[in-house]
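Shown next: work08.txt, containing compact mmCIF, C-alpha atoms and all ligand atoms.
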```
# COMPACT_ATOMS: atom_id res chain seq x y z
CA MET A 1 -10.54 -6.03 0.57
CA LEU A 2 -7.42 -7.48 -0.94
CA TYR A 3 -4.28 -5.39 -1.19
CA HIS A 4 -1.37 -6.51 -3.25
CA ASP A 5 1.70 -4.41 -2.78
CA SER A 6 4.98 -4.19 -0.96
CA LEU A 7 4.90 -3.80 2.83
CA ASP A 8 6.17 -0.22 2.42
CA LYS A 9 2.72 0.79 1.18
CA LEU A 10 0.91 -0.76 4.10
CA GLY A 11 0.19 2.64 5.64
CA GLN A 12 -2.39 3.30 2.89
CA CYS A 13 -4.92 0.90 4.32
CA LEU A 14 -4.28 1.30 8.04
CA ASP A 15 -6.87 4.02 8.47
CA GLN A 16 -9.50 1.36 7.84
CA ILE A 17 -8.72 -0.61 10.99
CA ASN A 18 -8.54 -0.13 14.74
CA LYS A 19 -5.14 1.07 15.93
CA ASN A 20 -4.62 -1.20 18.94
CA LEU A 21 -2.90 -4.13 17.23
CA LEU A 22 -1.84 -7.55 18.43
CA ILE A 23 0.44 -9.21 15.88
CA ILE A 24 0.55 -12.99 15.99
CA SER A 25 3.53 -14.60 14.29
CA HIS A 26 6.43 -17.05 14.61
CA PRO A 27 9.83 -16.08 16.11
CA GLU A 28 11.61 -16.72 12.75
CA ILE A 29 9.28 -14.38 10.86
CA LYS A 30 9.49 -11.65 13.48
CA LYS A 31 13.27 -11.87 13.23
CA LEU A 32 13.17 -11.51 9.43
CA TYR A 33 10.51 -8.84 8.98
CA GLY A 34 9.28 -7.76 12.43
CA SER A 35 11.09 -4.45 12.76
CA LYS A 36 10.12 -3.40 9.22
CA LEU A 37 6.46 -4.19 9.83
CA GLU A 38 6.45 -2.56 13.25
CA LYS A 39 8.02 0.59 11.83
CA PHE A 40 5.23 1.04 9.27
CA LEU A 41 2.55 0.34 11.82
CA THR A 42 3.84 2.67 14.52
CA HIS A 43 4.44 5.47 11.96
CA ALA A 44 0.77 5.16 11.10
CA GLY A 45 -0.12 5.73 14.75
CA CYS A 46 -0.77 2.13 15.78
CA THR A 47 0.04 0.62 19.16
CA VAL A 48 1.72 -2.70 18.52
CA SER A 49 2.30 -5.76 20.65
CA TRP A 50 3.36 -9.27 19.62
CA THR A 51 2.51 -12.83 20.59
CA LEU A 52 4.73 -15.51 19.07
CA ILE A 53 3.76 -19.12 18.58
CA PRO A 54 6.01 -22.01 17.55
CA ALA A 55 6.14 -22.76 13.81
CA GLY A 56 4.78 -25.95 12.28
CA GLU A 57 1.50 -27.73 11.63
CA LYS A 58 1.90 -29.64 14.91
CA HIS A 59 1.09 -26.39 16.70
CA LYS A 60 -2.10 -25.56 14.78
CA ASN A 61 -4.16 -26.94 17.61
CA LEU A 62 -6.37 -26.15 20.58
CA GLU A 63 -3.47 -26.05 23.03
CA ILE A 64 -1.78 -23.16 21.24
CA LEU A 65 -5.16 -21.57 20.63
CA ASN A 66 -5.68 -21.51 24.40
CA LYS A 67 -2.39 -19.65 24.80
CA LEU A 68 -3.61 -17.14 22.23
CA TYR A 69 -6.86 -16.62 24.17
CA ASP A 70 -4.68 -15.97 27.26
CA ALA A 71 -2.66 -13.41 25.28
CA CYS A 72 -5.84 -11.66 24.10
CA ALA A 73 -7.12 -11.50 27.67
CA SER A 74 -3.86 -10.22 29.14
CA LYS A 75 -3.48 -7.61 26.40
CA LYS A 76 -7.10 -6.50 26.87
CA ILE A 77 -8.10 -7.16 23.27
CA ASP A 78 -11.61 -5.94 22.53
CA LYS A 79 -13.75 -5.01 19.55
CA ASN A 80 -11.78 -1.77 19.17
CA SER A 81 -8.57 -3.75 18.76
CA CYS A 82 -7.37 -5.65 15.73
CA LEU A 83 -5.48 -8.93 15.44
CA VAL A 84 -2.81 -9.17 12.75
CA ALA A 85 -1.92 -12.59 11.32
CA PHE A 86 1.68 -12.27 10.14
CA GLY A 87 2.90 -15.63 8.84
CA GLY A 88 2.12 -18.63 6.68
CA GLY A 89 -1.01 -20.75 6.58
CA VAL A 90 -0.66 -21.96 10.15
CA VAL A 91 -0.68 -18.44 11.59
CA GLN A 92 -3.49 -17.41 9.20
CA ASP A 93 -5.73 -20.29 10.24
CA MET A 94 -5.02 -19.85 13.96
CA VAL A 95 -5.69 -16.12 13.94
CA CYS A 96 -8.85 -16.42 11.84
CA TYR A 97 -10.28 -18.93 14.34
CA LEU A 98 -9.09 -16.89 17.32
CA ALA A 99 -10.67 -13.73 15.91
CA ALA A 100 -13.91 -15.56 15.09
CA THR A 101 -14.31 -16.90 18.62
CA TYR A 102 -12.67 -14.47 21.07
CA LYS A 103 -15.45 -12.32 22.53
CA ARG A 104 -17.63 -13.88 19.78
CA GLY A 105 -15.71 -11.99 17.14
CA VAL A 106 -12.99 -9.34 17.03
CA PRO A 107 -11.57 -7.69 13.88
CA TYR A 108 -8.49 -9.13 12.22
CA VAL A 109 -6.31 -8.56 9.19
CA GLN A 110 -4.05 -10.93 7.31
CA ILE A 111 -0.51 -10.43 6.07
CA PRO A 112 0.40 -13.82 4.59
CA THR A 113 4.13 -14.47 4.30
CA THR A 114 4.32 -17.76 2.35
CA LEU A 115 3.43 -18.27 -1.30
CA LEU A 116 0.94 -20.91 -0.18
CA ALA A 117 -0.82 -18.56 2.20
CA GLN A 118 -0.84 -15.72 -0.33
CA ALA A 119 -2.34 -17.97 -3.00
CA ASP A 120 -4.89 -19.69 -0.84
CA ILE A 121 -5.79 -18.08 2.44
CA GLY A 122 -7.57 -14.85 3.21
CA ILE A 123 -11.06 -15.57 2.08
CA GLY A 124 -13.29 -18.45 2.84
CA GLY A 125 -12.66 -19.27 6.46
CA CYS A 126 -10.17 -21.31 8.43
CA ALA A 127 -9.60 -24.63 10.11
CA ILE A 128 -7.41 -25.91 12.92
CA ASP A 129 -6.51 -29.47 13.80
CA HIS A 130 -7.95 -31.79 16.45
CA SER A 131 -6.12 -34.80 17.88
CA ALA A 132 -8.54 -37.03 15.90
CA GLY A 133 -7.92 -35.39 12.54
CA LYS A 134 -6.75 -32.50 10.44
CA SER A 135 -8.86 -29.34 9.95
CA LEU A 136 -11.78 -30.63 12.04
CA ILE A 137 -12.48 -27.34 13.83
CA GLY A 138 -13.13 -24.15 11.95
CA ALA A 139 -15.11 -21.06 11.19
CA PHE A 140 -16.23 -18.88 8.33
CA TYR A 141 -15.00 -15.49 9.40
CA GLN A 142 -13.68 -12.84 7.05
CA PRO A 143 -10.73 -10.50 7.69
CA LYS A 144 -11.02 -6.71 7.34
CA TRP A 145 -8.39 -6.95 4.66
CA VAL A 146 -5.60 -9.15 3.32
CA TYR A 147 -2.28 -7.56 2.44
CA SER A 148 0.10 -9.60 0.29
CA ASP A 149 3.67 -8.57 -0.45
CA ILE A 150 5.06 -11.05 -2.97
CA LYS A 151 8.66 -10.11 -2.10
CA LEU A 152 8.27 -11.81 1.28
CA VAL A 153 8.57 -15.16 -0.50
CA LYS A 154 12.24 -14.55 -1.27
CA SER A 155 13.28 -15.90 2.14
CA LEU A 156 11.30 -19.15 1.81
CA SER A 157 13.23 -22.41 1.47
CA ASP A 158 12.84 -24.17 -1.90
CA GLU A 159 10.59 -26.76 -0.29
CA GLU A 160 8.28 -24.18 1.32
CA TYR A 161 8.22 -22.30 -1.95
CA ALA A 162 7.22 -25.42 -3.93
CA ASN A 163 4.38 -25.92 -1.44
CA GLY A 164 2.90 -22.66 -2.67
CA ILE A 165 3.13 -23.81 -6.29
CA ALA A 166 0.99 -26.81 -5.25
CA GLU A 167 -1.92 -24.49 -4.39
CA ILE A 168 -1.46 -22.58 -7.67
CA ILE A 169 -1.60 -25.86 -9.64
CA ASN A 170 -4.64 -26.79 -7.55
CA LYS A 171 -6.62 -23.69 -8.38
CA VAL A 172 -5.35 -22.32 -11.68
CA GLY A 173 -4.43 -25.65 -13.30
CA CYS A 174 -7.08 -28.04 -12.02
CA LEU A 175 -10.10 -25.98 -10.91
CA ASP A 176 -9.81 -23.31 -13.61
CA GLY A 177 -8.42 -25.60 -16.30
CA LYS A 178 -5.39 -23.46 -17.25
CA ILE A 179 -2.97 -26.38 -17.20
CA GLU A 180 -1.27 -25.52 -20.49
CA GLU A 181 -0.64 -21.95 -19.41
CA LEU A 182 0.88 -23.18 -16.16
CA GLU A 183 3.10 -25.67 -17.98
CA LYS A 184 4.44 -22.77 -20.07
CA ASN A 185 5.03 -20.46 -17.12
CA LEU A 186 6.26 -22.93 -14.53
CA ALA A 187 9.94 -22.12 -15.11
CA GLN A 188 9.34 -18.43 -14.38
CA ILE A 189 7.27 -19.27 -11.32
CA LYS A 190 10.08 -21.49 -10.05
CA GLU A 191 12.60 -18.68 -10.61
CA ARG A 192 10.46 -16.51 -8.31
CA ASN A 193 9.81 -13.96 -11.02
CA TYR A 194 7.78 -11.46 -8.96
CA ALA A 195 5.61 -10.15 -11.81
CA VAL A 196 4.60 -13.66 -12.90
CA LEU A 197 4.08 -14.72 -9.30
CA GLU A 198 1.87 -11.76 -8.49
CA ASP A 199 -0.25 -12.65 -11.48
CA TYR A 200 -0.67 -16.25 -10.29
CA VAL A 201 -1.35 -15.29 -6.68
CA MET A 202 -4.10 -12.95 -7.93
CA LYS A 203 -5.49 -15.59 -10.31
CA SER A 204 -5.65 -18.15 -7.47
CA VAL A 205 -7.40 -15.72 -5.15
CA ILE A 206 -9.88 -14.66 -7.84
CA ILE A 207 -10.77 -18.31 -8.56
CA LYS A 208 -11.30 -18.94 -4.84
CA LYS A 209 -13.31 -15.76 -4.41
CA ALA A 210 -15.59 -16.58 -7.35
CA ILE A 211 -16.43 -19.96 -5.82
CA ILE A 212 -17.00 -18.52 -2.33
CA MET A 213 -19.28 -15.79 -3.69
CA GLN A 214 -21.57 -18.55 -4.98
CA ASP A 215 -21.52 -20.58 -1.76
CA GLU A 216 -19.73 -19.07 1.24
CA THR A 217 -20.31 -21.92 3.70
CA GLY A 218 -20.43 -24.97 1.44
CA THR A 219 -24.14 -25.61 1.90
CA LYS A 220 -24.97 -25.38 -1.82
CA GLY A 221 -22.04 -27.38 -3.14
CA PRO A 222 -19.54 -25.32 -5.18
CA ARG A 223 -17.55 -24.30 -2.06
CA LEU A 224 -16.60 -27.95 -1.63
CA PHE A 225 -14.81 -27.87 -5.00
CA LEU A 226 -12.07 -25.93 -3.23
CA ASP A 227 -11.36 -29.20 -1.48
CA TRP A 228 -10.15 -30.69 -4.78
CA GLY A 229 -7.08 -32.81 -4.06
CA HIS A 230 -7.38 -32.26 -0.31
CA THR A 231 -9.19 -35.43 0.84
CA ILE A 232 -6.14 -37.69 0.61
CA THR A 233 -3.94 -34.72 1.58
CA TYR A 234 -5.52 -34.09 5.00
CA ALA A 235 -5.63 -37.80 5.86
CA LEU A 236 -1.99 -38.18 4.83
CA GLU A 237 -0.84 -35.21 6.89
CA LYS A 238 -2.53 -36.68 9.96
CA ALA A 239 -1.29 -40.24 9.24
CA LEU A 240 2.29 -38.94 9.15
CA ASP A 241 1.72 -36.89 12.30
CA TYR A 242 2.34 -33.70 10.27
CA GLU A 243 5.91 -34.72 9.41
CA ILE A 244 4.91 -33.92 5.81
CA SER A 245 4.03 -30.34 4.89
CA HIS A 246 0.63 -29.40 3.50
CA GLY A 247 1.98 -28.52 0.04
CA GLN A 248 3.95 -31.77 -0.32
CA ALA A 249 0.94 -33.80 0.77
CA LEU A 250 -1.16 -31.85 -1.72
CA GLY A 251 1.13 -32.93 -4.57
CA ILE A 252 0.30 -36.56 -3.69
CA GLY A 253 -3.35 -35.76 -2.93
CA MET A 254 -3.95 -34.08 -6.31
CA TYR A 255 -2.34 -36.93 -8.24
CA GLY A 256 -4.39 -39.42 -6.19
CA ALA A 257 -7.63 -37.54 -6.91
CA ALA A 258 -6.72 -37.42 -10.62
CA LEU A 259 -6.12 -41.20 -10.63
CA LEU A 260 -9.46 -41.65 -8.90
CA SER A 261 -11.17 -39.43 -11.48
CA HIS A 262 -9.76 -41.71 -14.19
CA GLN A 263 -10.66 -44.90 -12.31
CA GLU A 264 -14.27 -43.68 -12.07
CA GLY A 265 -14.37 -43.18 -15.84
CA TYR A 266 -13.76 -39.45 -16.14
CA LEU A 267 -10.33 -37.79 -16.52
CA GLU A 268 -8.35 -39.30 -19.42
CA LYS A 269 -5.17 -41.17 -18.49
CA GLU A 270 -3.06 -38.84 -20.63
CA LYS A 271 -4.34 -35.88 -18.55
CA VAL A 272 -3.62 -37.68 -15.29
CA GLU A 273 -0.03 -38.19 -16.42
CA ARG A 274 0.20 -34.57 -17.56
CA LEU A 275 -0.83 -33.36 -14.12
CA LYS A 276 1.67 -35.73 -12.52
CA ARG A 277 4.48 -34.28 -14.66
CA LEU A 278 3.48 -30.73 -13.73
CA ILE A 279 3.41 -31.56 -10.00
CA GLN A 280 6.79 -33.27 -10.22
CA SER A 281 8.31 -30.43 -12.27
CA ALA A 282 7.24 -28.05 -9.50
CA GLY A 283 9.43 -30.09 -7.12
CA LEU A 284 6.59 -31.88 -5.35
CA PRO A 285 6.09 -35.58 -4.62
CA THR A 286 3.35 -37.69 -6.23
CA ARG A 287 3.78 -41.02 -4.42
CA LEU A 288 2.51 -42.11 -1.01
CA PRO A 289 5.37 -42.95 1.35
CA LYS A 290 5.94 -46.72 1.53
CA GLU A 291 5.17 -46.90 5.25
CA ILE A 292 1.60 -45.62 4.81
CA ASP A 293 -1.10 -48.04 5.95
CA ILE A 294 -3.88 -47.69 3.39
CA GLU A 295 -6.67 -48.97 5.68
CA ASN A 296 -5.69 -46.34 8.26
CA LEU A 297 -5.62 -43.65 5.56
CA ILE A 298 -9.16 -44.56 4.51
CA GLU A 299 -10.34 -44.48 8.15
CA LEU A 300 -8.86 -40.97 8.49
CA MET A 301 -10.68 -39.91 5.31
CA LYS A 302 -13.95 -40.86 7.01
CA LEU A 303 -13.51 -37.79 9.22
CA ASP A 304 -13.38 -35.52 6.16
CA GLN A 305 -15.83 -32.59 6.11
CA LYS A 306 -17.43 -33.89 2.90
CA VAL A 307 -18.45 -37.24 4.41
CA VAL A 308 -22.23 -37.70 4.64
CA GLY A 309 -23.89 -40.78 6.12
CA GLY A 310 -20.48 -42.48 6.38
CA ASN A 311 -19.81 -42.13 2.61
CA ILE A 312 -16.53 -40.59 1.55
CA ARG A 313 -17.19 -37.98 -1.11
CA PHE A 314 -14.41 -36.78 -3.36
CA VAL A 315 -14.07 -33.81 -5.63
CA LEU A 316 -13.29 -35.45 -8.99
CA LEU A 317 -12.44 -33.94 -12.38
CA ARG A 318 -14.35 -34.64 -15.58
CA ASP A 319 -11.59 -32.62 -17.19
CA PHE A 320 -9.29 -29.78 -16.07
CA GLY A 321 -11.65 -26.96 -15.07
CA LYS A 322 -14.62 -29.33 -14.55
CA PRO A 323 -14.81 -30.45 -10.91
CA PHE A 324 -17.78 -32.30 -9.42
CA LEU A 325 -18.59 -34.06 -6.17
CA SER A 326 -19.01 -37.83 -6.07
CA SER A 327 -19.22 -40.66 -3.52
CA VAL A 328 -16.42 -43.17 -3.82
CA ASP A 329 -16.58 -46.68 -2.33
CA ASP A 330 -13.77 -48.09 -0.20
CA ALA A 331 -12.87 -50.81 -2.72
CA THR A 332 -12.24 -48.29 -5.55
CA LEU A 333 -10.35 -46.03 -3.19
CA LYS A 334 -8.15 -48.92 -2.09
CA VAL A 335 -7.22 -49.78 -5.70
CA VAL A 336 -6.21 -46.17 -6.38
CA LEU A 337 -4.27 -45.78 -3.13
CA GLN A 338 -2.31 -48.96 -3.96
CA GLU A 339 -1.44 -47.42 -7.34
CA LEU A 340 -0.43 -44.19 -5.60
CA LYS A 341 2.14 -46.02 -3.44
N1 LIG B 1 -7.82 -21.82 5.53
C1 LIG B 1 -7.49 -22.06 4.29
O1 LIG B 1 -8.20 -21.72 3.37
C2 LIG B 1 -6.22 -22.79 3.99
C3 LIG B 1 -5.86 -22.98 2.67
C4 LIG B 1 -4.65 -23.62 2.37
C5 LIG B 1 -3.83 -24.05 3.41
N2 LIG B 1 -4.21 -23.87 4.70
C6 LIG B 1 -3.35 -24.31 5.79
O2 LIG B 1 -2.12 -23.61 5.70
C7 LIG B 1 -1.10 -24.40 6.31
C8 LIG B 1 0.12 -24.43 5.43
O3 LIG B 1 0.58 -23.13 5.27
P1 LIG B 1 2.11 -22.82 4.91
O4 LIG B 1 2.54 -23.72 3.82
O5 LIG B 1 2.19 -21.36 4.73
O6 LIG B 1 2.89 -23.35 6.18
P2 LIG B 1 3.37 -22.64 7.54
O7 LIG B 1 2.46 -21.59 7.97
O8 LIG B 1 3.62 -23.77 8.49
O9 LIG B 1 4.75 -21.98 7.14
C9 LIG B 1 5.80 -22.82 6.70
C10 LIG B 1 7.15 -22.40 7.29
O10 LIG B 1 7.60 -21.24 6.61
C11 LIG B 1 8.07 -20.28 7.56
N3 LIG B 1 7.86 -18.97 6.93
C12 LIG B 1 6.70 -18.30 6.75
N4 LIG B 1 6.89 -17.21 6.03
C13 LIG B 1 8.22 -17.14 5.75
C14 LIG B 1 9.02 -16.24 5.03
N5 LIG B 1 8.51 -15.17 4.38
N6 LIG B 1 10.35 -16.51 4.94
C15 LIG B 1 10.88 -17.59 5.53
N7 LIG B 1 10.16 -18.49 6.23
C16 LIG B 1 8.84 -18.26 6.34
C17 LIG B 1 7.22 -20.52 8.79
O11 LIG B 1 7.85 -20.05 9.93
C18 LIG B 1 7.13 -22.06 8.77
O12 LIG B 1 8.27 -22.63 9.37
C19 LIG B 1 -1.70 -25.78 6.54
O13 LIG B 1 -2.04 -25.88 7.89
C20 LIG B 1 -2.96 -25.75 5.70
O14 LIG B 1 -3.96 -26.60 6.21
C21 LIG B 1 -5.38 -23.24 5.01
ZN ZN B 2 -4.51 -26.50 0.68
```
Turn this file's structure into structure tokens for me.
Amino acid sequence: MLYHDSLDKLGQCLDQINKNLLIISHPEIKKLYGSKLEKFLTHAGCTVSWTLIPAGEKHKNLEILNKLYDACASKKIDKNSCLVAFGGGVVQDMVCYLAATYKRGVPYVQIPTTLLAQADIGIGGCAIDHSAGKSLIGAFYQPKWVYSDIKLVKSLSDEEYANGIAEIINKVGCLDGKIEELEKNLAQIKERNYAVLEDYVMKSVIIKKAIIMQDETGTKGPRLFLDWGHTITYALEKALDYEISHGQALGIGMYGAALLSHQEGYLEKEKVERLKRLIQSAGLPTRLPKEIDIENLIELMKLDQKVVGGNIRFVLLRDFGKPFLSSVDDATLKVVLQELK
């Protein structure tokens, strides 16, 4: 169930969950919105406790996960409790995996606080990072509900905000083919016009949901389309030791995948350039940092979830709105990555 309203209305859906809540968040987010959230929850008769984890992709790992298992044990979390993920994508992924695995599954709900997490998380599962690579460990485990309050994005820095636009371009522009509409509305999105934003968050979620309904676990194929633009992205995040944010890396990853689509004889050059302009207008980068070692990047891509029999498979575009899965050889990839530098 997806709710889309301001936090003040949260009480409406609380009767659908267990009342013993453990909220997992970051200190900065608790400081900004913690007392407001806690007020609504306790008024609705919930018992609330908090566990805070440090912010940043570097902490989306097994070490922090272990601390969260400790917190669940010490707070006696059971199947009559409910975990609450209150934060951006890092918190959402960590809590989804925690909930999927603690006692082989406890209920959880999601309250995403970044534009990126509102546009892209909530359905479809989660992944956390391993020292060998990004997003290597994960689960398909659905929340009881997702509650998005678009006004929470007002406190995001411009960079964090642009990261969310990257996921909107990814889904609405590239997977659903509404590039022209996005070009027209980008200025309003950048101004954080709440009505326009709500519309695009919903559109992104609906696109993701439609794909997941066809293929929840990626065994049939379509689910992997959601990985469009993410193959270079994940490898790049790991190569830079997560000093680049997911959204920024996705700007580069989408442009790289568009170049690759052209190189393989599909997406027209004019469309590749159009996408590049849209990504750049959103305030996102499109070039690989100079210090990136391309051979190393390709090795990291070989850990990607889409690899079969050692072959790197990419989601390519025939056109905007027309993704497909294709193997790409190292030589072609190298040419494109050189161009991306
Ligand atoms: N499972 C999925 O389907 C899926 C999809 C897309 C992305 N992801 C993952 O999500 C992560 C990126 O998420 P993100 O961009 O939200 O990053 P994030 O969770 O690291 O949050 C970014 C920063 O914003 C701060 N923040 C969060 N909400 C805020 C608010 N309302 N006001 C002010 N500051 C706030 C956080 O404390 C953090 O410092 C990556 O790890 C990515 O792999 C997962
Ligand atoms: Zn993403």
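If you measure from each of A:Asn193, A:Thr113, A:Ser131, A:Gln338 to ligand LIG 1 (chain B) using only C-alpha atoms and all ligand atoms, the closest one turns out to be A:Thr113.
Considering only C-alpha atoms, the residue among A:Val91, A:Leu300, A:Leu152, A:Leu325 positioned nearest to Pro222 (chain A) is A:Leu325.
Taking CA of Phe314 (chain A) and CA of Ser326 (chain A) as endpoints, the distance between them is 5.4 Å.
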Surrounding residues as an mmCIF file with C-alpha atoms, in the coordinates of the input, ligand ZN 2 (chain B), max 8 Å, all atoms listed in the file:
```
data_model
loop_
_atom_site.group_PDB
_atom_site.id
_atom_site.type_symbol
_atom_site.label_atom_id
_atom_site.label_comp_id
_atom_site.auth_asym_id
_atom_site.auth_seq_id
_atom_site.Cartn_x
_atom_site.Cartn_y
_atom_site.Cartn_z
ATOM 1 C CA LEU A 116 0.940 -20.910 -0.180
ATOM 2 C CA ASP A 120 -4.890 -19.690 -0.840
ATOM 3 C CA GLU A 167 -1.920 -24.490 -4.390
ATOM 4 C CA ASP A 227 -11.360 -29.200 -1.480
ATOM 5 C CA HIS A 230 -7.380 -32.260 -0.310
ATOM 6 C CA HIS A 246 0.630 -29.400 3.500
ATOM 7 C CA GLY A 247 1.980 -28.520 0.040
ATOM 8 C CA LEU A 250 -1.160 -31.850 -1.720
#
```
Counting all atoms listed in the file, the residue of A:Ala117, A:Leu260, A:Val106, A:Ile128 that sits nearest Asp93 (chain A): A:Ile128
Show me which residues are within 7 Å of ligand LIG 1 (chain B) counting only C-alpha atoms and all ligand atoms, and format the list as a ChimeraX atom specification. /A:26,28-29,55-57,60,87-91,93,113-117,120-127,135,152-157,160,163-164,245-247
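Each of A:Glu180, A:Asp8, A:Asp129, A:Asp78 was compared to Leu65 (chain A) using only C-alpha atoms, and A:Asp129 turns out to be the nearest.
The spacing separating CA of Ala132 (chain A) from CA of Tyr234 (chain A) amounts to 11.7 Å.
Interatomic distance, CA of Glu63 (chain A) against CA of Ile17 (chain A): 28.6 Å.
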